[in-house]
>>> print(open('my_file-v9.pdb').read())   # PDB, C-alpha atoms
ATOM      1  CA  MET E 161     -11.852   3.142  14.307
ATOM      2  CA  SER E 162     -13.874   3.913  11.235
ATOM      3  CA  ASP E 163     -13.132   2.674   7.749
ATOM      4  CA  TRP E 164     -11.981   6.122   6.591
ATOM      5  CA  SER E 165      -9.603   6.610   9.495
ATOM      6  CA  ASN E 166      -8.073   3.199   8.738
ATOM      7  CA  ARG E 167      -7.564   4.207   5.106
ATOM      8  CA  ILE E 168      -6.032   7.546   6.056
ATOM      9  CA  LEU E 169      -3.691   5.887   8.531
ATOM     10  CA  ALA E 170      -2.700   3.286   5.917
ATOM     11  CA  PHE E 171      -2.012   6.028   3.368
ATOM     12  CA  VAL E 172       0.134   7.968   5.852
ATOM     13  CA  ALA E 173       2.066   4.783   6.649
ATOM     14  CA  LEU E 174       2.593   4.074   2.936
ATOM     15  CA  ALA E 175       3.747   7.650   2.335
ATOM     16  CA  GLY E 176       6.155   7.448   5.283
ATOM     17  CA  PHE E 177       7.538   4.142   4.018
ATOM     18  CA  ALA E 178       8.017   5.560   0.515
ATOM     19  CA  LEU E 179       9.700   8.671   1.942
ATOM     20  CA  PHE E 180      12.049   6.530   4.022
ATOM     21  CA  LEU E 181      13.035   4.466   0.977
ATOM     22  CA  PHE E 182      13.454   7.637  -1.094
ATOM     23  CA  ILE E 183      15.905   9.002   1.467
ATOM     24  CA  ILE E 184      17.903   5.761   1.309
ATOM     25  CA  ALA E 185      17.925   5.874  -2.496
ATOM     26  CA  TRP E 186      18.974   9.540  -2.443
ATOM     27  CA  TRP E 187      21.949   8.899  -0.173
ATOM     28  CA  VAL E 188      23.177   5.683  -1.800
ATOM     29  CA  ARG E 189      22.393   6.496  -5.476
ATOM     30  CA  GLU E 190      23.024   3.032  -6.840
ATOM     31  CA  PRO E 191      20.848   2.225  -9.871
ATOM     32  CA  ASP E 192      20.248  -1.384  -8.797
ATOM     33  CA  LEU E 193      19.116  -0.324  -5.330
ATOM     34  CA  ILE E 194      16.837   2.363  -6.767
ATOM     35  CA  ILE E 195      15.168  -0.213  -9.019
ATOM     36  CA  VAL E 196      14.637  -2.623  -6.126
ATOM     37  CA  LEU E 197      13.239   0.124  -3.898
ATOM     38  CA  ALA E 198      10.909   1.302  -6.677
ATOM     39  CA  VAL E 199       9.602  -2.258  -7.086
ATOM     40  CA  VAL E 200       9.084  -2.562  -3.322
ATOM     41  CA  VAL E 201       7.136   0.724  -3.179
ATOM     42  CA  ALA E 202       5.081  -0.342  -6.225
ATOM     43  CA  MET E 203       4.211  -3.659  -4.555
ATOM     44  CA  ALA E 204       3.198  -1.890  -1.347
ATOM     45  CA  ALA E 205       1.095   0.618  -3.303
ATOM     46  CA  TYR E 206      -0.589  -2.214  -5.224
ATOM     47  CA  ASP E 207      -1.463  -3.955  -1.970
ATOM     48  CA  PHE E 208      -2.706  -0.670  -0.494
ATOM     49  CA  TRP E 209      -4.868  -0.008  -3.566
ATOM     50  CA  GLY E 210      -6.227  -3.541  -3.968
ATOM     51  CA  HIS E 211      -7.005  -4.372  -0.345
ATOM     52  CA  PRO E 212     -10.360  -2.528  -0.086
ATOM     53  CA  TRP E 213     -11.712  -4.313  -3.160
ATOM     54  CA  ARG E 214     -10.599  -7.738  -1.954
ATOM     55  CA  GLN E 215     -12.157  -6.989   1.424
ATOM     56  CA  ARG E 216     -15.458  -5.909  -0.165
ATOM     57  CA  ARG E 217     -15.591  -9.043  -2.327
ATOM     58  CA  ALA E 218     -14.940 -11.251   0.685
ATOM     59  CA  GLU E 219     -17.659  -9.493   2.676
ATOM     60  CA  ALA E 220     -20.119  -9.802  -0.239
ATOM     61  CA  ARG E 221     -19.260 -13.480  -0.618
ATOM     62  CA  ALA E 222     -19.799 -14.066   3.102
ATOM     63  CA  GLN E 223     -23.098 -12.171   2.954
ATOM     64  CA  GLY E 224     -24.208 -14.295  -0.012
ATOM     65  CA  GLU E 225     -23.345 -17.533   1.785
ATOM     66  CA  SER E 226     -25.242 -16.508   4.895
ATOM     67  CA  ASP E 227     -28.379 -15.851   2.826
ATOM     68  CA  THR E 228     -28.588 -19.465   1.633
TER      69      THR E 228
END
>>> encode(input="my_file-v9.pdb", output="structure tokens")
Amino acid sequence: MSDWSNRILAFVALAGFALFLFIIAWWVREPDLIIVLAVVVAMAAYDFWGHPWRQRRAEARAQGESDT
């Protein structure tokens, strides 16, 4: 699979996960649970957003080491 199809699939998975947690929060409506679920979605979104940059840095580092 190409890099773009991986990103699209990851975004769809993140959106589905967030939707699932939103449905749970909507039915339960407990403030503590909503806060925890919001933190969980924020952590997943952070990982989704930061992964391509970490991957690029690792690839650049490996490319730099192979040049020496």
>>> closest_atom_pairs(input="my_file-v9.pdb", of="segment 172-191 of chain E", to="segment 200-205 of chain E", cutoff="12 Å", atoms="only C-alpha atoms", output="Markdown table")
| residue | atom | partner | partner_atom | distance |
| --- | --- | --- | --- | --- |
| E:Val172 | CA | E:Ala205 | CA | 11.8 |
| E:Ala173 | CA | E:Ala204 | CA | 10.5 |
| E:Leu174 | CA | E:Ala205 | CA | 7.3 |
| E:Ala175 | CA | E:Ala205 | CA | 9.4 |
| E:Gly176 | CA | E:Val201 | CA | 10.9 |
| E:Phe177 | CA | E:Val201 | CA | 8.0 |
| E:Ala178 | CA | E:Val201 | CA | 6.1 |
| E:Leu179 | CA | E:Val201 | CA | 9.8 |
| E:Phe180 | CA | E:Val201 | CA | 10.5 |
| E:Leu181 | CA | E:Val201 | CA | 8.1 |
| E:Phe182 | CA | E:Val201 | CA | 9.6 |
| E:Ala185 | CA | E:Val201 | CA | 12.0 |
>>> residues_around(input="my_file-v9.pdb", residues="Ile184 of chain E", least_positions_apart="5", cutoff="12 Å", atoms="all atoms listed in the file", output="PyMOL selection string")
chain E and resi 177-179+189-190+193-194+196-198
>>> closest_residue(input="my_file-v9.pdb", among="E:Ser226, E:Asp192, E:Pro212, E:Ala220", to="Trp164 of chain E", atoms="all atoms listed in the file")
E:Pro212
>>> axis_aligned_box(input="my_file-v9.pdb", around="segment 198-210 of chain E", padding_each_side="4 Å", output="JSON")
{"center_x": 2.3, "center_y": -1.3, "center_z": -3.8, "size_x": 25.1, "size_y": 13.3, "size_z": 14.6}
>>> build_atoms(input="my_file-v9.pdb", residues="segment 194-208 of chain E", atoms="N, CA and C atoms", output="short mmCIF file (atom, residue, chain, number, x, y, z; two decimals), keeping the file's coordinate frame")
data_model
loop_
_atom_site.label_atom_id
_atom_site.label_comp_id
_atom_site.auth_asym_id
_atom_site.auth_seq_id
_atom_site.Cartn_x
_atom_site.Cartn_y
_atom_site.Cartn_z
N ILE E 194 17.99 1.52 -6.44
CA ILE E 194 16.84 2.36 -6.77
C ILE E 194 15.76 1.54 -7.46
N ILE E 195 16.15 0.65 -8.34
CA ILE E 195 15.17 -0.21 -9.02
C ILE E 195 14.47 -1.12 -8.02
N VAL E 196 15.23 -1.73 -7.13
CA VAL E 196 14.64 -2.62 -6.13
C VAL E 196 13.69 -1.85 -5.22
N LEU E 197 14.10 -0.68 -4.78
CA LEU E 197 13.24 0.12 -3.90
C LEU E 197 11.98 0.58 -4.62
N ALA E 198 12.09 0.91 -5.90
CA ALA E 198 10.91 1.30 -6.68
C ALA E 198 9.93 0.13 -6.80
N VAL E 199 10.46 -1.07 -7.01
CA VAL E 199 9.60 -2.26 -7.09
C VAL E 199 8.92 -2.51 -5.74
N VAL E 200 9.65 -2.35 -4.66
CA VAL E 200 9.08 -2.56 -3.32
C VAL E 200 7.96 -1.56 -3.06
N VAL E 201 8.18 -0.29 -3.39
CA VAL E 201 7.14 0.72 -3.18
C VAL E 201 5.94 0.43 -4.08
N ALA E 202 6.18 0.00 -5.32
CA ALA E 202 5.08 -0.34 -6.22
C ALA E 202 4.27 -1.52 -5.69
N MET E 203 4.94 -2.52 -5.12
CA MET E 203 4.21 -3.66 -4.56
C MET E 203 3.38 -3.23 -3.34
N ALA E 204 3.94 -2.37 -2.51
CA ALA E 204 3.20 -1.89 -1.35
C ALA E 204 2.01 -1.04 -1.78
N ALA E 205 2.20 -0.21 -2.80
CA ALA E 205 1.10 0.62 -3.30
C ALA E 205 0.00 -0.25 -3.92
N TYR E 206 0.39 -1.29 -4.64
CA TYR E 206 -0.59 -2.21 -5.22
C TYR E 206 -1.42 -2.89 -4.13
N ASP E 207 -0.75 -3.32 -3.08
CA ASP E 207 -1.46 -3.96 -1.97
C ASP E 207 -2.38 -2.95 -1.28
N PHE E 208 -1.89 -1.73 -1.10
CA PHE E 208 -2.71 -0.67 -0.49
C PHE E 208 -3.94 -0.39 -1.35
#
